[in-house]
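Shown here: protein.csv, CSV, C-alpha atoms and all ligand atoms.
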```csv
chain,number,residue,atom,x,y,z
Y,1,MET,CA,-122.0,-39.7,13.0
Y,2,GLU,CA,-119.9,-37.7,10.6
Y,3,GLY,CA,-116.2,-38.7,10.7
Y,4,PHE,CA,-116.9,-41.9,12.7
Y,5,VAL,CA,-117.4,-45.5,11.6
Y,6,LEU,CA,-118.6,-48.7,13.4
Y,7,SER,CA,-115.7,-51.1,14.1
Y,8,GLN,CA,-116.4,-54.4,16.0
Y,9,GLY,CA,-119.5,-52.8,17.6
Y,10,SER,CA,-117.7,-49.6,18.7
Y,11,CYS,CA,-117.9,-46.1,17.2
Y,12,ILE,CA,-114.4,-45.0,16.3
Y,13,PRO,CA,-112.9,-42.0,14.4
Y,14,ARG,CA,-112.4,-42.8,10.8
Y,15,SER,CA,-108.7,-41.8,11.2
Y,16,SER,CA,-108.3,-44.7,13.6
Y,17,CYS,CA,-109.3,-47.2,11.0
Y,18,GLY,CA,-106.7,-49.6,9.7
Y,19,CYS,CA,-106.2,-51.1,6.3
Y,20,HIS,CA,-106.4,-54.6,4.8
Y,21,TYR,CA,-103.7,-55.8,2.3
Y,22,GLU,CA,-103.7,-59.3,0.8
Y,23,GLY,CA,-106.0,-60.4,3.6
Y,24,ARG,CA,-104.0,-59.0,6.5
Y,25,PRO,CA,-105.0,-56.1,8.8
Y,26,TYR,CA,-102.6,-53.2,9.3
Y,27,ALA,CA,-102.7,-50.3,11.8
Y,28,PRO,CA,-103.0,-46.7,10.7
Y,29,ASN,CA,-99.6,-45.4,9.4
Y,30,GLU,CA,-98.1,-48.9,9.8
Y,31,SER,CA,-95.3,-49.6,7.3
Y,32,PHE,CA,-94.4,-53.0,6.1
Y,33,TRP,CA,-92.8,-54.8,3.2
Y,34,GLY,CA,-95.3,-55.7,0.5
Y,35,ASP,CA,-93.3,-58.6,-1.0
Y,36,ASP,CA,-90.8,-61.3,0.0
Y,37,GLN,CA,-87.8,-59.5,-1.6
Y,38,CYS,CA,-88.1,-56.2,0.2
Y,39,SER,CA,-88.6,-54.4,-3.1
Y,40,LYS,CA,-91.9,-52.8,-2.2
Y,41,LYS,CA,-92.4,-50.6,0.9
Y,42,CYS,CA,-96.1,-50.1,1.9
Y,43,THR,CA,-97.9,-47.9,4.4
Y,44,CYS,CA,-101.5,-47.9,5.6
Y,45,ASN,CA,-103.0,-44.4,4.9
Y,46,PRO,CA,-105.6,-43.8,7.7
Y,47,SER,CA,-107.5,-41.2,5.7
Y,48,THR,CA,-108.1,-43.3,2.7
Y,49,ARG,CA,-107.9,-46.7,4.5
Y,50,GLN,CA,-105.8,-47.7,1.5
Y,51,VAL,CA,-102.4,-49.3,1.5
Y,52,GLU,CA,-99.9,-47.2,-0.6
Y,53,CYS,CA,-96.8,-48.9,-1.9
Y,54,ALA,CA,-93.6,-47.6,-3.5
Y,55,PRO,CA,-90.5,-49.3,-4.8
Y,56,SER,CA,-87.7,-49.7,-2.2
Y,57,ALA,CA,-84.7,-51.9,-1.4
Y,58,CYS,CA,-82.3,-52.9,1.3
Y,59,LYS,CA,-78.9,-51.4,1.4
Y,60,ALA,CA,-75.8,-53.2,0.2
Y,61,SER,CA,-74.9,-53.8,3.9
Y,62,GLU,CA,-78.4,-55.4,4.6
Y,63,LYS,CA,-80.2,-58.5,3.5
Y,64,CYS,CA,-84.0,-59.1,3.3
Y,65,GLU,CA,-85.1,-61.8,5.7
Y,66,ILE,CA,-87.5,-62.6,8.6
Y,67,GLN,CA,-86.3,-62.1,12.1
Y,68,LYS,CA,-88.5,-62.7,15.1
Y,69,GLY,CA,-91.5,-63.0,12.7
Y,70,VAL,CA,-90.9,-59.6,11.1
Y,71,ARG,CA,-89.7,-59.3,7.5
Y,72,GLY,CA,-87.2,-56.5,7.1
Y,73,CYS,CA,-83.7,-55.3,6.0
Y,74,TYR,CA,-81.2,-56.6,8.5
Y,75,PRO,CA,-77.4,-56.1,8.7
Y,76,THR,CA,-75.3,-58.6,6.9
Y,77,GLY,CA,-72.6,-58.5,9.6
Y,78,HIS,CA,-71.1,-56.7,12.6
Y,79,GLY,CA,-67.9,-55.0,13.5
Y,80,ASN,CA,-66.0,-55.4,16.8
Y,81,CYS,CA,-63.8,-53.0,18.7
Y,82,SER,CA,-62.0,-53.4,22.0
Y,83,ALA,CA,-59.9,-51.6,24.6
Y,84,THR,CA,-58.1,-54.0,26.9
Y,85,GLY,CA,-55.4,-53.8,29.5
Y,86,ASP,CA,-53.5,-50.5,29.7
Y,87,PRO,CA,-55.2,-50.0,27.1
Y,88,HIS,CA,-54.5,-51.8,23.8
Y,89,TYR,CA,-57.1,-50.8,21.2
Y,90,LEU,CA,-58.4,-52.9,18.3
Y,91,THR,CA,-60.6,-50.9,15.9
Y,92,PHE,CA,-63.5,-52.1,13.9
Y,93,ASP,CA,-61.1,-52.2,10.9
Y,94,LYS,CA,-58.7,-54.4,12.8
Y,95,HIS,CA,-56.0,-51.7,13.5
Y,96,ARG,CA,-54.1,-52.2,16.7
Y,97,PHE,CA,-52.6,-49.4,18.7
Y,98,ASP,CA,-51.9,-48.2,22.2
Y,99,PHE,CA,-53.0,-44.9,23.6
Y,100,GLN,CA,-52.4,-43.6,27.1
Y,101,GLY,CA,-54.5,-40.5,27.5
Y,102,PRO,CA,-55.8,-40.0,31.1
Y,103,CYS,CA,-59.1,-38.3,30.1
Y,104,ALA,CA,-62.6,-39.1,28.8
Y,105,TYR,CA,-62.6,-40.0,25.1
Y,106,VAL,CA,-65.0,-40.9,22.4
Y,107,LEU,CA,-64.7,-44.7,22.0
Y,108,THR,CA,-67.2,-44.8,19.1
Y,109,GLU,CA,-70.0,-42.4,18.1
Y,110,VAL,CA,-72.2,-41.8,15.1
Y,111,TYR,CA,-71.4,-38.5,13.6
Y,112,GLU,CA,-73.8,-38.4,10.7
Y,113,THR,CA,-77.0,-40.3,11.5
Y,114,PRO,CA,-79.0,-41.4,8.5
Y,115,ILE,CA,-82.7,-41.1,8.9
Y,116,ASP,CA,-83.2,-44.9,9.2
Y,117,LEU,CA,-80.5,-45.5,11.8
Y,118,THR,CA,-80.4,-44.7,15.5
Y,119,TRP,CA,-77.7,-42.4,16.9
Y,120,PHE,CA,-75.6,-43.7,19.7
Y,121,GLY,CA,-72.3,-42.8,21.5
Y,122,VAL,CA,-69.9,-44.9,23.6
Y,123,TYR,CA,-67.4,-43.0,25.8
Y,124,VAL,CA,-64.5,-44.1,28.0
Y,125,GLN,CA,-62.9,-42.5,31.1
Y,126,ASN,CA,-59.3,-43.5,31.5
Y,127,GLU,CA,-57.3,-43.3,34.7
Y,128,TYR,CA,-53.8,-43.8,36.0
Y,129,ARG,CA,-53.3,-46.8,38.3
Y,130,GLY,CA,-50.1,-47.0,40.4
Y,131,ASN,CA,-48.0,-45.0,38.1
Y,132,GLN,CA,-48.3,-42.1,35.7
Y,133,GLN,CA,-47.0,-44.0,32.7
Y,134,VAL,CA,-50.0,-45.9,31.5
Y,135,THR,CA,-53.8,-45.6,31.9
Y,136,TRP,CA,-56.6,-48.0,32.2
Y,137,THR,CA,-60.3,-47.8,31.3
Y,138,ARG,CA,-62.2,-46.9,34.4
Y,139,SER,CA,-65.7,-46.2,33.2
Y,140,VAL,CA,-67.8,-46.7,30.1
Y,141,GLN,CA,-70.8,-44.6,29.2
Y,142,VAL,CA,-73.4,-45.5,26.5
Y,143,ASN,CA,-75.9,-42.8,25.2
Y,144,VAL,CA,-78.8,-44.1,23.1
Y,145,TYR,CA,-82.5,-43.2,22.9
Y,146,ASP,CA,-81.9,-40.2,25.2
Y,147,ILE,CA,-80.8,-42.6,28.0
Y,148,GLU,CA,-77.3,-42.4,29.6
Y,149,ILE,CA,-75.9,-45.5,31.1
Y,150,VAL,CA,-72.6,-45.6,32.9
Y,151,ILE,CA,-70.7,-48.8,33.9
Y,152,SER,CA,-67.9,-47.9,36.3
Y,153,ARG,CA,-65.2,-49.6,38.3
Y,154,GLN,CA,-66.5,-47.5,41.2
Y,155,TYR,CA,-69.8,-49.5,41.2
Y,156,PRO,CA,-69.1,-53.1,40.5
Y,157,GLY,CA,-72.2,-55.2,39.6
Y,158,LYS,CA,-74.3,-52.1,39.1
Y,159,LEU,CA,-75.1,-49.3,36.6
Y,160,LEU,CA,-75.7,-45.6,36.8
Y,161,VAL,CA,-78.7,-44.8,34.7
Y,162,GLY,CA,-79.2,-41.0,34.3
Y,163,GLY,CA,-77.0,-40.7,37.4
Y,164,LEU,CA,-79.0,-43.1,39.5
Y,165,LEU,CA,-77.5,-46.3,40.9
Y,166,THR,CA,-79.4,-49.2,39.2
Y,167,PHE,CA,-79.3,-52.9,39.7
Y,168,LEU,CA,-79.2,-55.5,36.9
Y,169,PRO,CA,-81.0,-56.6,34.9
Y,170,TYR,CA,-82.3,-53.4,33.5
Y,171,SER,CA,-84.6,-52.7,30.6
Y,172,SER,CA,-86.0,-49.4,29.1
Y,173,VAL,CA,-87.6,-47.8,26.1
Y,174,GLY,CA,-90.0,-50.8,25.7
Y,175,GLY,CA,-87.2,-53.3,25.8
Y,176,ARG,CA,-85.2,-51.5,23.1
Y,177,VAL,CA,-82.3,-51.1,25.6
Y,178,LYS,CA,-81.4,-53.9,27.9
Y,179,ALA,CA,-78.6,-54.4,30.4
Y,180,PHE,CA,-77.6,-57.5,32.2
Y,181,LYS,CA,-74.7,-59.4,33.7
Y,182,GLN,CA,-72.9,-62.1,31.7
Y,183,GLY,CA,-70.0,-63.7,33.4
Y,184,VAL,CA,-67.7,-61.0,34.7
Y,185,ASN,CA,-69.2,-58.4,32.3
Y,186,ALA,CA,-72.0,-55.9,32.3
Y,187,VAL,CA,-73.7,-56.1,28.9
Y,188,ILE,CA,-75.7,-53.3,27.3
Y,189,GLN,CA,-77.7,-54.3,24.2
Y,190,THR,CA,-80.0,-52.4,21.9
Y,191,ASN,CA,-82.7,-53.6,19.5
Y,192,PHE,CA,-80.7,-52.4,16.5
Y,193,GLY,CA,-77.6,-54.6,17.3
Y,194,LEU,CA,-75.3,-52.3,19.3
Y,195,SER,CA,-73.7,-54.3,22.2
Y,196,VAL,CA,-71.3,-53.0,24.8
Y,197,HIS,CA,-69.4,-55.3,27.3
Y,198,PHE,CA,-67.4,-54.0,30.2
Y,199,ASP,CA,-65.9,-56.0,33.1
Y,200,TRP,CA,-66.2,-53.2,35.6
Y,201,ASP,CA,-62.4,-53.0,35.6
Y,202,SER,CA,-60.4,-52.5,32.3
Y,203,LYS,CA,-61.8,-54.4,29.3
Y,204,VAL,CA,-64.4,-53.0,27.0
Y,205,PHE,CA,-65.8,-54.5,23.9
Y,206,VAL,CA,-68.2,-52.9,21.4
Y,207,THR,CA,-70.2,-54.6,18.6
Y,208,VAL,CA,-72.0,-52.6,16.0
Y,209,PRO,CA,-74.0,-53.7,12.9
Y,210,ASN,CA,-72.3,-53.0,9.6
Y,211,THR,CA,-75.1,-50.6,8.6
Y,212,TYR,CA,-73.0,-48.1,10.6
Y,213,ALA,CA,-69.9,-48.6,8.4
Y,214,GLY,CA,-68.2,-45.4,7.6
Y,215,ILE,CA,-70.3,-43.1,9.8
Y,216,LEU,CA,-68.5,-43.7,13.1
Y,217,ARG,CA,-65.7,-41.8,14.8
Y,218,GLY,CA,-63.5,-42.1,17.9
Y,219,LEU,CA,-60.8,-44.5,19.1
Y,220,CYS,CA,-62.6,-47.5,17.5
Y,221,GLY,CA,-62.1,-45.8,14.1
Y,222,ASN,CA,-64.6,-45.1,11.3
Y,223,PHE,CA,-65.4,-48.7,10.3
Y,224,ASN,CA,-64.9,-48.0,6.6
Y,225,GLY,CA,-62.9,-51.2,5.9
Y,226,ASN,CA,-59.5,-49.4,5.9
Y,227,GLY,CA,-57.4,-49.8,9.1
Y,228,GLY,CA,-54.9,-47.3,7.8
Y,229,ASP,CA,-57.1,-44.3,8.6
Y,230,ASP,CA,-58.1,-45.3,12.1
Y,231,ALA,CA,-56.9,-44.1,15.5
Y,232,LEU,CA,-53.7,-42.1,16.0
Y,233,VAL,CA,-54.4,-40.2,12.8
Y,234,PRO,CA,-55.4,-36.5,13.2
Y,235,GLY,CA,-59.0,-36.1,14.4
Y,236,SER,CA,-59.4,-39.7,15.5
Y,237,ILE,CA,-58.9,-39.0,19.2
Y,238,LEU,CA,-61.8,-36.9,20.4
Y,239,VAL,CA,-63.1,-35.7,23.8
Y,240,PRO,CA,-66.9,-36.1,24.1
Y,241,SER,CA,-69.0,-33.1,23.0
Y,242,ILE,CA,-71.8,-34.1,25.4
Y,243,PRO,CA,-71.8,-34.3,29.2
Y,244,VAL,CA,-70.2,-37.6,30.3
Y,245,PHE,CA,-69.4,-39.3,33.6
Y,246,GLY,CA,-71.4,-36.8,35.6
Y,247,THR,CA,-70.1,-33.6,34.1
Y,248,SER,CA,-72.9,-31.0,33.8
Y,249,SER,CA,-72.1,-29.6,30.4
Y,250,PRO,CA,-69.9,-30.1,27.4
Y,251,LYS,CA,-66.7,-28.8,28.8
Y,252,GLU,CA,-63.7,-27.3,27.3
Y,253,PRO,CA,-61.2,-30.1,27.4
Y,254,ASP,CA,-58.7,-29.9,30.1
Y,255,PRO,CA,-55.6,-28.3,28.5
Y,256,LYS,CA,-53.6,-31.4,29.4
Y,257,CYS,CA,-56.1,-33.6,27.6
Y,258,LYS,CA,-56.2,-31.4,24.6
Y,259,GLU,CA,-52.5,-31.5,24.4
Y,260,ILE,CA,-52.5,-35.2,24.1
Y,261,ILE,CA,-55.3,-35.2,21.5
Y,262,ASP,CA,-53.6,-32.6,19.4
Y,263,PRO,CA,-49.9,-32.9,20.3
Y,264,LYS,CA,-47.6,-30.3,19.0
Y,265,CYS,CA,-44.2,-31.3,18.1
Y,266,PRO,CA,-42.1,-28.2,17.5
Y,267,GLY,CA,-38.5,-29.1,16.7
Y,268,LEU,CA,-39.2,-32.7,15.9
Y,269,GLU,CA,-35.9,-32.9,14.0
Y,270,VAL,CA,-34.0,-31.7,17.1
Y,271,ILE,CA,-35.7,-34.3,19.3
Y,272,GLU,CA,-35.0,-37.0,16.8
Y,273,GLU,CA,-31.3,-36.0,16.7
Y,274,GLN,CA,-31.1,-36.0,20.5
Y,275,GLN,CA,-32.7,-39.4,20.7
Y,276,ARG,CA,-30.4,-40.7,17.9
Y,277,ALA,CA,-27.4,-39.3,19.7
Y,278,SER,CA,-28.4,-40.9,23.0
Y,279,GLY,CA,-28.6,-44.3,21.3
Y,280,LYS,CA,-31.2,-45.3,24.0
Y,281,ALA,CA,-34.9,-46.0,24.0
Y,282,CYS,CA,-36.4,-44.4,20.8
Y,283,GLY,CA,-32.9,-43.4,19.8
Y,284,LEU,CA,-32.2,-47.0,19.3
Y,285,ILE,CA,-35.2,-47.3,17.0
Y,286,VAL,CA,-34.3,-44.3,14.9
Y,287,ALA,CA,-30.5,-45.1,14.7
Y,288,LYS,CA,-29.5,-45.5,11.1
Y,289,ASP,CA,-27.3,-48.5,12.0
Y,290,GLY,CA,-29.7,-49.8,14.6
Y,291,PRO,CA,-31.8,-53.0,14.6
Y,292,PHE,CA,-34.7,-51.2,12.9
Y,293,GLN,CA,-32.6,-49.7,10.1
Y,294,GLU,CA,-34.5,-51.8,7.4
Y,295,CYS,CA,-37.8,-50.1,8.3
Y,296,LEU,CA,-36.6,-46.7,9.4
Y,297,HIS,CA,-37.4,-45.1,6.0
Y,298,ILE,CA,-41.0,-46.2,6.3
Y,299,LEU,CA,-41.4,-44.7,9.8
Y,300,ILE,CA,-40.0,-41.4,8.6
Y,301,GLN,CA,-42.2,-41.3,5.6
Y,302,ARG,CA,-45.3,-41.9,7.7
Y,303,ALA,CA,-44.2,-39.2,10.2
Y,304,LEU,CA,-43.4,-36.6,7.5
Y,305,SER,CA,-46.6,-37.3,5.6
Y,306,GLY,CA,-48.6,-36.1,8.6
Y,307,ILE,CA,-50.1,-39.5,9.4
Y,308,ALA,CA,-48.5,-39.2,12.8
Y,309,SER,CA,-45.7,-37.4,14.5
Y,310,MET,CA,-42.6,-39.6,14.8
Y,311,THR,CA,-42.8,-40.0,18.5
Y,312,MET,CA,-46.5,-40.8,18.4
Y,313,PHE,CA,-46.1,-43.2,15.5
Y,314,LEU,CA,-43.3,-45.0,17.3
Y,315,GLN,CA,-45.3,-45.1,20.5
Y,316,GLY,CA,-48.4,-46.5,18.7
Y,317,THR,CA,-46.6,-48.9,16.5
Y,318,LEU,CA,-43.6,-50.1,18.4
Y,319,HIS,CA,-45.0,-49.6,21.9
Y,320,CYS,CA,-42.3,-47.2,22.8
Y,321,HIS,CA,-44.1,-45.9,25.9
Y,322,LEU,CA,-40.9,-44.3,27.1
Y,323,CYS,CA,-40.8,-41.6,24.5
Y,324,TRP,CA,-44.4,-40.6,25.2
Y,325,ASN,CA,-44.1,-40.6,28.9
Y,326,LEU,CA,-40.9,-38.6,29.0
Y,327,GLN,CA,-43.0,-35.9,27.4
Y,328,LEU,CA,-40.4,-35.6,24.6
Y,329,CYS,CA,-43.2,-34.5,22.2
Y,401,CA,CA,-61.0,-47.1,9.0
```

How does this structure look as structure tokens?
Amino acid sequence: MEGFVLSQGSCIPRSSCGCHYEGRPYAPNESFWGDDQCSKKCTCNPSTRQVECAPSACKASEKCEIQKGVRGCYPTGHGNCSATGDPHYLTFDKHRFDFQGPCAYVLTEVYETPIDLTWFGVYVQNEYRGNQQVTWTRSVQVNVYDIEIVISRQYPGKLLVGGLLTFLPYSSVGGRVKAFKQGVNAVIQTNFGLSVHFDWDSKVFVTVPNTYAGILRGLCGNFNGNGGDDALVPGSILVPSIPVFGTSSPKEPDPKCKEIIDPKCPGLEVIEEQQRASGKACGLIVAKDGPFQECLHILIQRALSGIASMTMFLQGTLHCHLCWNLQLC
């Protein structure tokens, strides 16, 4: 019959035929490495039943090796980010800072997805507990492969998957996304090396392969190897642009949240003068004859160069919560 061939006793369309390459069968359109050095990428062409190969290579952040029986380009390492306590952040580039916003924020998100990588986003919802001075991480949301998974303090031991309460362990997308309990943590893992831990209370840890270096944004920083351009610089604190934690649509950020993300500091010099005159709290820090006089010029340079407002910089670097919470800025 025209367009059909006999395969193992069955009549199948020619387009369903696979290929043979160096003695091994390959499915139609299947791609594989044609050598041991990942220098030749091959694909089985179903119309010609021939394997077609072209020069290729792993990226600098990848190495050619066999994992679970499959040769491929795999990440050479991983980056870790965490938000713990009230909350203290440690970015992928090892920059430490505190941030006390009471809203939903981007913890880490791919903003430019290369064709060979999978997009994902991890978001946190912070809340006040007991007082209005510091916040804690209440919920974590992971979006990947069109799945939305929420781990929340409200539902200990469980997940919300697409809004539905779900028991652990959980698996989806043919096992490419898995969630399970490990000690006190809920763990979400993907087949490409993303891993998110949350203890249903206040501590969240994120691991990403270094193939994502330089294409991330959010409180965890951009993972470009430079801690100096991470969180608390302009544009690093973002509210999610997709629905999160049960919101129906990307919302205009609450004005209060926006104010914290993009603080305006009119009359910074006046505030600094008032604080210096008071000789208390941040005033002690900025006093020319105070205990921080040796490093004061560095703080002022950083503030004036736009890296951060003085109050924010002091808050982030020297843990001067008081200035922030007094709404001096
Ligand atoms: Ca960085």

Do you know which residues are at most 10 Å from Val134 in chain Y counting all atoms listed in the file, after dropping those on the same chain fewer than 2 positions away, and could you put them as a PyMOL selection string?
chain Y and resi 85-87+98-102+126-132+136+321+324-325

Taking only C-alpha atoms into account, which of Y:Val106, Y:Ala27, Y:Val173, Y:Val187 comes nearest Pro240 in chain Y?
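Checking each candidate against Pro240 in chain Y, we get Y:Val106 as the closest.
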
Between CA of Lys40 in chain Y and CA of Glu52 in chain Y, distance in Å (one decimal)
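Interatomic distance here is 9.9 Å.
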
Between Y:Gly174, Y:Pro28, Y:Pro169, Y:Gly214, which residue has the minimum interatomic distance to Ile188 in chain Y, considering all atoms listed in the file?
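Of Y:Gly174, Y:Pro28, Y:Pro169, Y:Gly214, the one nearest Ile188 in chain Y is Y:Pro169, counting all atoms listed in the file.
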
State, in Å with one decimal place, the distance from CA of Asn222 in chain Y to CA of Thr247 in chain Y.
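Separation between CA of Asn222 in chain Y and CA of Thr247 in chain Y: 26.1 Å.
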
So which residues are near ligand CA 401 (chain Y), meaning at most 9 Å away with all atoms listed in the file counted, given back as a list of chain:residue names?
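What falls inside 9 Å of ligand CA 401 (chain Y) is Y:Thr91, Y:Phe92, Y:Asp93, Y:Lys94, Y:His95, Y:Gly214, Y:Cys220, Y:Gly221, Y:Asn222, Y:Phe223, Y:Asn224, Y:Gly225, Y:Asn226, Y:Gly227, Y:Gly228, Y:Asp229, Y:Asp230, Y:Ala231.
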
One number please: CA of Trp200 in chain Y to CA of Arg138 in chain Y, in Å, one decimal.
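Here the two named atoms are 7.6 Å from each other.
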